[in-house]
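A.B. asks: One file: my_file-v3.pdb (PDB, C-alpha atoms, pLDDT in the B column).
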```pdb
ATOM      1  CA  LYS A 192     106.590 104.652  79.743  1.00 98.00           C
ATOM      2  CA  ILE A 193     107.666 105.752  83.224  1.00 98.00           C
ATOM      3  CA  ALA A 194     108.589 109.224  84.484  1.00 98.00           C
ATOM      4  CA  HIS A 195     110.903 109.013  87.496  1.00 98.00           C
ATOM      5  CA  THR A 196     112.089 111.755  89.834  1.00 98.00           C
ATOM      6  CA  SER A 197     113.449 112.000  93.364  1.00 98.00           C
ATOM      7  CA  ASP A 198     115.092 114.432  95.782  1.00 96.00           C
ATOM      8  CA  VAL A 199     112.886 117.381  94.917  1.00 96.00           C
ATOM      9  CA  HIS A 200     113.447 118.841  98.425  1.00 94.00           C
ATOM     10  CA  LEU A 201     110.473 121.185  98.522  1.00 95.00           C
ATOM     11  CA  HIS A 202     110.588 123.542 101.501  1.00 89.00           C
ATOM     12  CA  ASP A 203     109.228 126.849 102.765  1.00 84.00           C
ATOM     13  CA  ALA A 204     112.369 128.968 103.186  1.00 76.00           C
ATOM     14  CA  ASP A 205     113.055 132.227 101.353  1.00 70.00           C
ATOM     15  CA  ASP A 206     114.808 130.444  98.472  1.00 74.00           C
ATOM     16  CA  ALA A 207     111.958 127.987  97.872  1.00 85.00           C
ATOM     17  CA  ALA A 208     110.651 129.465  94.602  1.00 90.00           C
ATOM     18  CA  PRO A 209     113.239 127.818  92.284  1.00 91.00           C
ATOM     19  CA  ILE A 210     112.621 124.438  93.930  1.00 93.00           C
ATOM     20  CA  ARG A 211     108.884 124.751  93.354  1.00 94.00           C
ATOM     21  CA  ALA A 212     109.440 125.816  89.749  1.00 95.00           C
ATOM     22  CA  ALA A 213     111.653 122.762  89.221  1.00 96.00           C
ATOM     23  CA  PHE A 214     108.936 120.404  90.466  1.00 97.00           C
ATOM     24  CA  ALA A 215     106.406 122.095  88.185  1.00 97.00           C
ATOM     25  CA  ARG A 216     108.795 121.395  85.275  1.00 97.00           C
ATOM     26  CA  VAL A 217     108.884 117.733  86.312  1.00 98.00           C
ATOM     27  CA  VAL A 218     105.088 117.583  86.091  1.00 98.00           C
ATOM     28  CA  ASP A 219     105.250 119.380  82.745  1.00 97.00           C
ATOM     29  CA  ALA A 220     107.600 116.643  81.510  1.00 98.00           C
ATOM     30  CA  VAL A 221     105.312 113.870  82.792  1.00 98.00           C
ATOM     31  CA  LEU A 222     102.549 115.342  80.655  1.00 98.00           C
ATOM     32  CA  ALA A 223     104.697 116.197  77.636  1.00 97.00           C
ATOM     33  CA  THR A 224     106.225 112.705  77.406  1.00 97.00           C
ATOM     34  CA  ARG A 225     102.819 111.072  77.920  1.00 98.00           C
ATOM     35  CA  ALA A 226     104.198 108.943  80.741  1.00 98.00           C
ATOM     36  CA  GLN A 227     101.866 106.176  81.896  1.00 98.00           C
ATOM     37  CA  LEU A 228     103.389 105.918  85.385  1.00 98.00           C
ATOM     38  CA  PHE A 229     105.005 108.599  87.589  1.00 98.00           C
ATOM     39  CA  LEU A 230     107.418 107.569  90.369  1.00 98.00           C
ATOM     40  CA  ILE A 231     108.731 109.880  93.134  1.00 98.00           C
ATOM     41  CA  ALA A 232     111.476 107.925  94.886  1.00 98.00           C
ATOM     42  CA  GLY A 233     111.817 109.814  98.174  1.00 92.00           C
ATOM     43  CA  ASP A 234     112.657 113.284  99.494  1.00 94.00           C
ATOM     44  CA  LEU A 235     109.764 115.050  97.863  1.00 96.00           C
ATOM     45  CA  PHE A 236     110.095 117.347 100.888  1.00 94.00           C
ATOM     46  CA  ASP A 237     113.287 118.722 102.425  1.00 91.00           C
ATOM     47  CA  HIS A 238     112.235 118.169 106.038  1.00 88.00           C
ATOM     48  CA  THR A 239     109.362 116.832 108.131  1.00 84.00           C
ATOM     49  CA  ARG A 240     108.090 120.187 109.444  1.00 83.00           C
ATOM     50  CA  ILE A 241     106.625 121.393 106.126  1.00 84.00           C
ATOM     51  CA  GLU A 242     103.224 123.051 106.432  1.00 76.00           C
ATOM     52  CA  GLY A 243     100.722 125.297 104.675  1.00 78.00           C
ATOM     53  CA  ASP A 244     101.150 126.463 101.124  1.00 89.00           C
ATOM     54  CA  VAL A 245     103.914 123.992 100.264  1.00 92.00           C
ATOM     55  CA  ILE A 246     101.515 121.104 100.867  1.00 93.00           C
ATOM     56  CA  ASP A 247      98.807 122.837  98.852  1.00 93.00           C
ATOM     57  CA  PHE A 248     101.307 123.378  96.045  1.00 95.00           C
ATOM     58  CA  VAL A 249     102.057 119.624  95.951  1.00 96.00           C
ATOM     59  CA  TYR A 250      98.357 118.792  95.784  1.00 97.00           C
ATOM     60  CA  GLU A 251      97.913 121.261  92.914  1.00 97.00           C
ATOM     61  CA  GLN A 252     100.848 119.889  90.923  1.00 98.00           C
ATOM     62  CA  LEU A 253      99.977 116.221  91.416  1.00 98.00           C
ATOM     63  CA  ALA A 254      96.375 116.970  90.442  1.00 98.00           C
ATOM     64  CA  ARG A 255      97.710 117.932  86.998  1.00 98.00           C
ATOM     65  CA  VAL A 256      99.084 114.421  86.462  1.00 98.00           C
ATOM     66  CA  ASP A 257      96.821 112.071  84.503  1.00 94.00           C
ATOM     67  CA  CYS A 258      98.552 108.748  85.242  1.00 98.00           C
ATOM     68  CA  PRO A 259      99.116 106.563  88.331  1.00 98.00           C
ATOM     69  CA  THR A 260     101.618 108.217  90.672  1.00 98.00           C
ATOM     70  CA  VAL A 261     103.558 106.376  93.386  1.00 98.00           C
ATOM     71  CA  ILE A 262     105.543 108.024  96.204  1.00 98.00           C
ATOM     72  CA  ILE A 263     107.902 106.623  98.843  1.00 97.00           C
ATOM     73  CA  PRO A 264     109.423 108.486 101.810  1.00 95.00           C
ATOM     74  CA  GLY A 265     113.133 109.330 101.799  1.00 93.00           C
ATOM     75  CA  ASN A 266     115.644 110.239 104.476  1.00 92.00           C
ATOM     76  CA  HIS A 267     114.545 113.898 104.543  1.00 87.00           C
ATOM     77  CA  ASP A 268     110.821 113.087 104.795  1.00 90.00           C
ATOM     78  CA  CYS A 269     111.040 109.878 106.847  1.00 88.00           C
ATOM     79  CA  TRP A 270     107.862 108.254 108.137  1.00 88.00           C
ATOM     80  CA  GLN A 271     108.244 109.686 111.644  1.00 82.00           C
ATOM     81  CA  GLU A 272     105.476 110.501 114.115  1.00 80.00           C
ATOM     82  CA  ARG A 273     105.138 114.136 113.009  1.00 82.00           C
ATOM     83  CA  SER A 274     106.282 113.668 109.429  1.00 87.00           C
ATOM     84  CA  VAL A 275     104.765 115.855 106.740  1.00 91.00           C
ATOM     85  CA  LEU A 276     103.802 112.711 104.822  1.00 92.00           C
ATOM     86  CA  ARG A 277     101.745 111.436 107.763  1.00 91.00           C
ATOM     87  CA  ARG A 278      99.796 114.697 107.782  1.00 90.00           C
ATOM     88  CA  MET A 279      98.986 114.676 104.088  1.00 92.00           C
ATOM     89  CA  ASP A 280      95.867 113.427 102.347  1.00 94.00           C
ATOM     90  CA  PHE A 281      96.952 112.668  98.800  1.00 95.00           C
ATOM     91  CA  ALA A 282      93.342 112.002  97.856  1.00 95.00           C
ATOM     92  CA  ARG A 283      93.113 115.797  97.639  1.00 96.00           C
ATOM     93  CA  ALA A 284      95.378 115.526  94.587  1.00 97.00           C
ATOM     94  CA  GLY A 285      93.393 112.629  93.165  1.00 97.00           C
ATOM     95  CA  HIS A 286      92.944 108.923  93.644  1.00 96.00           C
ATOM     96  CA  HIS A 287      95.711 108.278  91.110  1.00 97.00           C
ATOM     97  CA  VAL A 288      98.292 109.148  93.818  1.00 98.00           C
ATOM     98  CA  VAL A 289      99.542 106.295  96.034  1.00 98.00           C
ATOM     99  CA  LEU A 290     101.904 106.622  99.017  1.00 97.00           C
ATOM    100  CA  LEU A 291     103.700 103.391  99.939  1.00 97.00           C
ATOM    101  CA  ASP A 292     103.749 103.737 103.730  1.00 94.00           C
ATOM    102  CA  GLU A 293     104.460 100.214 105.000  1.00 94.00           C
ATOM    103  CA  PRO A 294     107.846  99.833 106.801  1.00 92.00           C
ATOM    104  CA  GLU A 295     108.089  96.210 105.656  1.00 94.00           C
ATOM    105  CA  GLY A 296     107.281  97.151 102.083  1.00 95.00           C
ATOM    106  CA  ALA A 297     104.096  97.300 100.054  1.00 97.00           C
ATOM    107  CA  ARG A 298     103.141  96.519  96.486  1.00 98.00           C
ATOM    108  CA  VAL A 299     100.427  98.091  94.379  1.00 98.00           C
ATOM    109  CA  GLU A 300      99.092  96.573  91.175  1.00 98.00           C
ATOM    110  CA  PHE A 301      97.992  98.599  88.172  1.00 98.00           C
ATOM    111  CA  GLY A 302      95.971  96.291  85.969  1.00 96.00           C
ATOM    112  CA  GLU A 303      95.652  98.809  83.171  1.00 96.00           C
ATOM    113  CA  LEU A 304      99.466  98.988  82.959  1.00 97.00           C
ATOM    114  CA  HIS A 305     100.032  95.256  83.416  1.00 98.00           C
ATOM    115  CA  ALA A 306     102.442  96.252  86.202  1.00 98.00           C
ATOM    116  CA  THR A 307     103.175  96.201  89.913  1.00 98.00           C
ATOM    117  CA  VAL A 308     105.205  98.733  91.919  1.00 98.00           C
ATOM    118  CA  TRP A 309     106.876  97.862  95.245  1.00 98.00           C
ATOM    119  CA  GLY A 310     108.674 100.014  97.791  1.00 98.00           C
ATOM    120  CA  ARG A 311     109.478 100.334 101.502  1.00 95.00           C
ATOM    121  CA  CYS A 312     108.583 103.172 103.834  1.00 92.00           C
ATOM    122  CA  MET A 313     111.730 104.609 105.474  1.00 91.00           C
ATOM    123  CA  LEU A 314     111.452 105.001 109.252  1.00 84.00           C
ATOM    124  CA  ASP A 315     115.048 105.977 109.938  1.00 86.00           C
ATOM    125  CA  HIS A 316     118.103 106.730 107.809  1.00 87.00           C
ATOM    126  CA  ALA A 317     120.551 104.433 109.597  1.00 85.00           C
ATOM    127  CA  PRO A 318     122.853 101.472 108.871  1.00 87.00           C
ATOM    128  CA  SER A 319     120.037  99.190 110.058  1.00 86.00           C
ATOM    129  CA  ASN A 320     117.732 100.442 107.298  1.00 86.00           C
ATOM    130  CA  LYS A 321     117.742  98.131 104.284  1.00 93.00           C
ATOM    131  CA  PRO A 322     115.748  99.706 101.416  1.00 95.00           C
ATOM    132  CA  MET A 323     115.673  96.457  99.402  1.00 96.00           C
ATOM    133  CA  ALA A 324     114.801  94.069 102.248  1.00 95.00           C
ATOM    134  CA  GLY A 325     111.749  91.971 101.493  1.00 95.00           C
ATOM    135  CA  ALA A 326     111.577  92.780  97.804  1.00 97.00           C
ATOM    136  CA  PRO A 327     108.932  90.378  96.443  1.00 97.00           C
ATOM    137  CA  ALA A 328     109.034  88.045  93.484  1.00 97.00           C
ATOM    138  CA  ARG A 329     107.323  88.947  90.244  1.00 97.00           C
ATOM    139  CA  THR A 330     103.517  88.753  90.188  1.00 96.00           C
ATOM    140  CA  ARG A 331     102.352  86.528  87.319  1.00 96.00           C
ATOM    141  CA  ASP A 332     103.694  88.002  84.060  1.00 96.00           C
ATOM    142  CA  LEU A 333     103.287  91.653  85.077  1.00 98.00           C
ATOM    143  CA  TRP A 334     105.974  94.310  84.762  1.00 98.00           C
ATOM    144  CA  HIS A 335     107.993  94.121  87.985  1.00 98.00           C
ATOM    145  CA  ILE A 336     108.947  97.631  89.167  1.00 98.00           C
ATOM    146  CA  GLY A 337     110.670  98.639  92.408  1.00 98.00           C
ATOM    147  CA  MET A 338     111.432 101.844  94.284  1.00 98.00           C
ATOM    148  CA  ALA A 339     114.207 102.356  96.849  1.00 98.00           C
ATOM    149  CA  HIS A 340     115.716 105.386  98.575  1.00 97.00           C
ATOM    150  CA  GLY A 341     119.285 104.807  99.662  1.00 96.00           C
ATOM    151  CA  LEU A 342     122.950 104.579  98.727  1.00 95.00           C
ATOM    152  CA  TYR A 343     124.064 102.156  96.014  1.00 95.00           C
ATOM    153  CA  VAL A 344     127.458 100.613  96.791  1.00 92.00           C
ATOM    154  CA  ASP A 345     129.678  98.285  94.790  1.00 83.00           C
ATOM    155  CA  TYR A 346     130.749  96.422  97.928  1.00 77.00           C
ATOM    156  CA  PRO A 347     128.497  94.993 100.675  1.00 70.00           C
ATOM    157  CA  GLU A 348     130.778  95.669 103.673  1.00 70.00           C
ATOM    158  CA  THR A 349     130.064  99.235 104.780  1.00 74.00           C
ATOM    159  CA  GLU A 350     128.694 101.145 107.766  1.00 82.00           C
ATOM    160  CA  ARG A 351     126.891 103.673 105.611  1.00 87.00           C
ATOM    161  CA  SER A 352     123.153 104.178 106.086  1.00 90.00           C
ATOM    162  CA  SER A 353     120.369 102.817 103.859  1.00 91.00           C
ATOM    163  CA  VAL A 354     122.694 100.773 101.665  1.00 93.00           C
ATOM    164  CA  ILE A 355     121.586  99.148  98.393  1.00 95.00           C
ATOM    165  CA  THR A 356     123.927  96.489  97.017  1.00 94.00           C
ATOM    166  CA  ALA A 357     124.537  95.071  93.560  1.00 95.00           C
ATOM    167  CA  GLU A 358     123.580  91.636  94.853  1.00 94.00           C
ATOM    168  CA  GLU A 359     120.217  92.920  96.110  1.00 95.00           C
ATOM    169  CA  ILE A 360     119.474  94.580  92.794  1.00 97.00           C
ATOM    170  CA  GLU A 361     120.249  91.446  90.812  1.00 96.00           C
ATOM    171  CA  ALA A 362     118.265  89.198  93.173  1.00 97.00           C
ATOM    172  CA  SER A 363     115.197  91.457  93.007  1.00 97.00           C
ATOM    173  CA  GLY A 364     114.459  90.618  89.382  1.00 97.00           C
ATOM    174  CA  PHE A 365     112.878  94.045  88.886  1.00 98.00           C
ATOM    175  CA  ASP A 366     112.488  95.174  85.310  1.00 98.00           C
ATOM    176  CA  TYR A 367     113.235  98.671  86.593  1.00 98.00           C
ATOM    177  CA  LEU A 368     114.366  99.950  89.999  1.00 98.00           C
ATOM    178  CA  ALA A 369     113.680 103.645  90.640  1.00 98.00           C
ATOM    179  CA  LEU A 370     116.326 104.948  93.036  1.00 98.00           C
ATOM    180  CA  GLY A 371     116.506 108.102  95.116  1.00 97.00           C
ATOM    181  CA  HIS A 372     119.043 109.780  97.434  1.00 96.00           C
ATOM    182  CA  VAL A 373     122.035 110.541  95.178  1.00 95.00           C
ATOM    183  CA  HIS A 374     121.859 113.964  93.487  1.00 95.00           C
ATOM    184  CA  ALA A 375     123.290 112.939  90.124  1.00 95.00           C
ATOM    185  CA  HIS A 376     122.026 110.847  87.250  1.00 96.00           C
ATOM    186  CA  ARG A 377     123.462 107.331  87.353  1.00 96.00           C
ATOM    187  CA  GLN A 378     122.413 104.024  85.820  1.00 97.00           C
ATOM    188  CA  VAL A 379     123.582 100.559  86.861  1.00 97.00           C
ATOM    189  CA  CYS A 380     122.579  97.112  85.647  1.00 97.00           C
ATOM    190  CA  HIS A 381     122.785  93.874  87.597  1.00 96.00           C
ATOM    191  CA  GLY A 382     121.255  90.710  86.220  1.00 94.00           C
ATOM    192  CA  GLY A 383     118.216  91.761  84.238  1.00 95.00           C
ATOM    193  CA  THR A 384     117.527  94.787  86.452  1.00 98.00           C
ATOM    194  CA  VAL A 385     118.247  98.349  85.392  1.00 98.00           C
ATOM    195  CA  ALA A 386     118.473 100.712  88.385  1.00 98.00           C
ATOM    196  CA  CYS A 387     118.713 104.469  88.082  1.00 98.00           C
ATOM    197  CA  TYR A 388     119.182 107.645  90.085  1.00 98.00           C
ATOM    198  CA  PRO A 389     117.313 110.225  87.994  1.00 98.00           C
ATOM    199  CA  GLY A 390     119.231 113.315  89.051  1.00 96.00           C
ATOM    200  CA  VAL A 391     117.528 116.227  90.793  1.00 97.00           C
ATOM    201  CA  PRO A 392     114.915 118.609  89.371  1.00 97.00           C
ATOM    202  CA  ALA A 393     116.501 121.757  90.853  1.00 94.00           C
ATOM    203  CA  ALA A 394     119.856 122.582  89.277  1.00 91.00           C
ATOM    204  CA  GLN A 395     121.159 124.253  92.453  1.00 89.00           C
ATOM    205  CA  LEU A 396     120.918 120.898  94.281  1.00 90.00           C
ATOM    206  CA  GLY A 397     122.901 118.957  91.687  1.00 89.00           C
ATOM    207  CA  THR A 398     126.074 119.147  89.637  1.00 83.00           C
ATOM    208  CA  ARG A 399     124.672 120.365  86.313  1.00 89.00           C
ATOM    209  CA  PRO A 400     123.487 123.710  84.955  1.00 91.00           C
ATOM    210  CA  ALA A 401     119.966 122.270  84.555  1.00 93.00           C
ATOM    211  CA  GLY A 402     117.806 119.828  86.491  1.00 96.00           C
ATOM    212  CA  SER A 403     117.061 116.337  85.278  1.00 97.00           C
ATOM    213  CA  MET A 404     114.791 113.321  85.646  1.00 98.00           C
ATOM    214  CA  ALA A 405     114.543 109.890  84.055  1.00 98.00           C
ATOM    215  CA  ILE A 406     112.150 108.753  81.349  1.00 98.00           C
ATOM    216  CA  VAL A 407     112.004 104.964  81.136  1.00 98.00           C
ATOM    217  CA  GLU A 408     110.584 102.708  78.450  1.00 98.00           C
ATOM    218  CA  LEU A 409     109.724  99.079  79.167  1.00 98.00           C
ATOM    219  CA  MET A 410     109.341  96.849  76.125  1.00 97.00           C
ATOM    220  CA  PRO A 411     108.729  93.077  76.105  1.00 95.00           C
ATOM    221  CA  GLY A 412     111.877  91.070  75.506  1.00 93.00           C
ATOM    222  CA  ARG A 413     114.212  94.040  76.026  1.00 95.00           C
ATOM    223  CA  GLN A 414     116.071  95.627  78.900  1.00 96.00           C
ATOM    224  CA  ALA A 415     114.610  98.854  80.283  1.00 98.00           C
ATOM    225  CA  ARG A 416     115.746 101.873  78.282  1.00 98.00           C
ATOM    226  CA  VAL A 417     116.433 104.974  80.399  1.00 98.00           C
ATOM    227  CA  THR A 418     116.726 108.489  79.021  1.00 97.00           C
ATOM    228  CA  ASP A 419     118.500 111.181  81.033  1.00 97.00           C
ATOM    229  CA  HIS A 420     115.887 113.887  80.517  1.00 97.00           C
ATOM    230  CA  THR A 421     117.004 117.506  80.980  1.00 96.00           C
ATOM    231  CA  LEU A 422     114.473 119.917  82.482  1.00 95.00           C
ATOM    232  CA  ALA A 423     114.745 123.091  80.434  1.00 79.00           C
TER     233      ALA A 423
END
```
Is it possible to express this structure as structure tokens?
C.D. replies:
Amino acid sequence: KIAHTSDVHLHDADDAAPIRAAFARVVDAVLATRAQLFLIAGDLFDHTRIEGDVIDFVYEQLARVDCPTVIIPGNHDCWQERSVLRRMDFARAGHHVVLLDEPEGARVEFGELHATVWGRCMLDHAPSNKPMAGAPARTRDLWHIGMAHGLYVDYPETERSSVITAEEIEASGFDYLALGHVHAHRQVCHGGTVACYPGVPAAQLGTRPAGSMAIVELMPGRQARVTDHTLA
């Protein structure tokens, strides 16, 4: 069972309290659903200049999680020279937290889950950025899970930035692809791969009266089942 969120957009402005409360509700849901894997598919932070108590708040919340947690950068918290993600030490939250920070993509294996998770580190939100480039083949018979922050399009010819195409999703062979960037829940399926934008935790950043995330179940011989989980 996977808990998947993205586009939290934590920041330190005067209206930050509801955003923080929304992320705390995400962590509550991870615990309540007994998720075995927690994925944060980009834009945990709203900008790269975050400092102080916001970072401490993230450490405190992630320390509550009792399962492997994987994070990738998004377009708001790109892996730039002075990025907030470069300045963080997620070991302060616990060794269960992994940041995928390789521009060419990196994969981590969780033997206890019989699974691997792959994702790319975003350097720049531009047409040249290809979030699915270099997606690897499945490792042995393990669950094959991917993460990508970008814009899903139905057609490959576009000048938009960080594009993810239907062809790339199908070719990846992922059992589940955790998407980030779009602020609304959406599921698509290409080949055997189910890809999903989970929606946003903070209602004021989305199109619904309440925030949302995705809860995903992987079962042998079946397609991934995704639940659009409302955050009360």
A.B. asks: For the atom pair CA of Pro411 in chain A and CA of His287 in chain A, what is the interatomic distance in Å to one decimal place?
C.D. replies: 25.0 Å
A.B. asks: Give me, as a list in words, all polymer residues having an atom no more than 7 Å from Arg416 in chain A, counting only C-alpha atoms and skipping those fewer than 3 positions away in the same chain.
C.D. replies: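 Those residues are Val407, Glu408 and Leu409 of chain A.
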A.B. asks: Decode the PyMOL selection byres ((chain A and resi 230-239) around 9) for the given file into explicit residues and return them as JSON, numbers by chain.
C.D. replies: {"A": [193, 194, 195, 196, 197, 198, 199, 200, 201, 202, 228, 229, 240, 241, 242, 259, 260, 261, 262, 263, 264, 265, 266, 267, 268, 269, 270, 271, 273, 274, 275, 276, 310, 313, 338, 339, 340, 369, 370, 371, 372]}
A.B. asks: List as an MDAnalysis selection string the residues having at least one atom at most 10 Å from position (122.3, 101.5, 85.3) as given in the file, counting only C-alpha atoms.
C.D. replies: chainID A and resid 367:368 376:381 384:388 415:417
A.B. asks: So which residues get picked by the PyMOL selection byres ((chain A and resi 320) around 12) here, written as JSON, numbers by chain?
C.D. replies: {"A": [265, 266, 269, 294, 295, 311, 312, 313, 314, 315, 316, 317, 318, 319, 321, 322, 323, 324, 325, 339, 340, 341, 342, 350, 351, 352, 353, 354, 355]}
A.B. asks: Counting only C-alpha atoms, which of A:Asp203, A:Ile336, A:Val218, A:His286 gets nearest to Asp247 in chain A?
C.D. replies: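 Closest candidate: A:Asp203.
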A.B. asks: Let me make sure I understand: among A:Val245, A:Thr307, A:Val391, A:Glu348, which one has the smallest atom-to-atom distance to Ala204 in chain A if we use all atoms listed in the file?
C.D. replies: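 Closest to Ala204 in chain A, using all atoms listed in the file: A:Val245.
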A.B. asks: One number please: CA of Pro209 in chain A to CA of Asp257 in chain A, in Å, one decimal.
C.D. replies: 24.0 Å
A.B. asks: Kindly extract all protein, DNA and RNA residues lying within 9 Å of the coordinates (114.3, 126.6, 92.6) given in the file, considering only C-alpha atoms, and supply them as a list of chain:residue names.
C.D. replies: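 Looking at atoms near the point gives A:Leu201, A:Asp206, A:Ala207, A:Ala208, A:Pro209, A:Ile210, A:Arg211, A:Ala212, A:Ala213, A:Phe214, A:Pro392, A:Ala393, A:Ala394, A:Gln395, A:Leu396.
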A.B. asks: Could N, CA and C atoms be built for range 333-348 of chain A and written out as a CSV table (one decimal), in the frame of the given file?
C.D. replies:
```csv
chain,number,residue,atom,x,y,z
A,333,LEU,N,103.4,90.2,85.1
A,333,LEU,CA,103.3,91.7,85.1
A,333,LEU,C,104.7,92.3,85.1
A,334,TRP,N,104.7,93.5,84.6
A,334,TRP,CA,106.0,94.3,84.8
A,334,TRP,C,106.3,94.4,86.2
A,335,HIS,N,107.5,94.2,86.6
A,335,HIS,CA,108.0,94.1,88.0
A,335,HIS,C,108.9,95.3,88.3
A,336,ILE,N,108.3,96.3,89.0
A,336,ILE,CA,108.9,97.6,89.2
A,336,ILE,C,109.2,97.9,90.7
A,337,GLY,N,110.4,98.4,91.0
A,337,GLY,CA,110.7,98.6,92.4
A,337,GLY,C,111.1,100.1,92.6
A,338,MET,N,111.0,100.5,93.9
A,338,MET,CA,111.4,101.8,94.3
A,338,MET,C,112.3,101.7,95.6
A,339,ALA,N,113.4,102.4,95.7
A,339,ALA,CA,114.2,102.4,96.8
A,339,ALA,C,115.0,103.7,97.0
A,340,HIS,N,115.0,104.2,98.3
A,340,HIS,CA,115.7,105.4,98.6
A,340,HIS,C,116.9,105.0,99.4
A,341,GLY,N,118.1,105.2,98.9
A,341,GLY,CA,119.3,104.8,99.7
A,341,GLY,C,120.5,104.9,98.8
A,342,LEU,N,121.6,104.4,99.4
A,342,LEU,CA,123.0,104.6,98.7
A,342,LEU,C,123.4,103.3,98.1
A,343,TYR,N,123.5,103.3,96.7
A,343,TYR,CA,124.1,102.2,96.0
A,343,TYR,C,125.6,102.1,96.3
A,344,VAL,N,126.0,100.8,96.6
A,344,VAL,CA,127.5,100.6,96.8
A,344,VAL,C,127.9,99.4,96.0
A,345,ASP,N,129.1,99.4,95.6
A,345,ASP,CA,129.7,98.3,94.8
A,345,ASP,C,130.1,97.1,95.7
A,346,TYR,N,130.2,97.4,97.0
A,346,TYR,CA,130.7,96.4,97.9
A,346,TYR,C,129.8,96.3,99.1
A,347,PRO,N,129.5,95.2,99.6
A,347,PRO,CA,128.5,95.0,100.7
A,347,PRO,C,129.0,95.4,102.1
A,348,GLU,N,130.3,95.4,102.3
A,348,GLU,CA,130.8,95.7,103.7
A,348,GLU,C,131.0,97.2,103.9
```
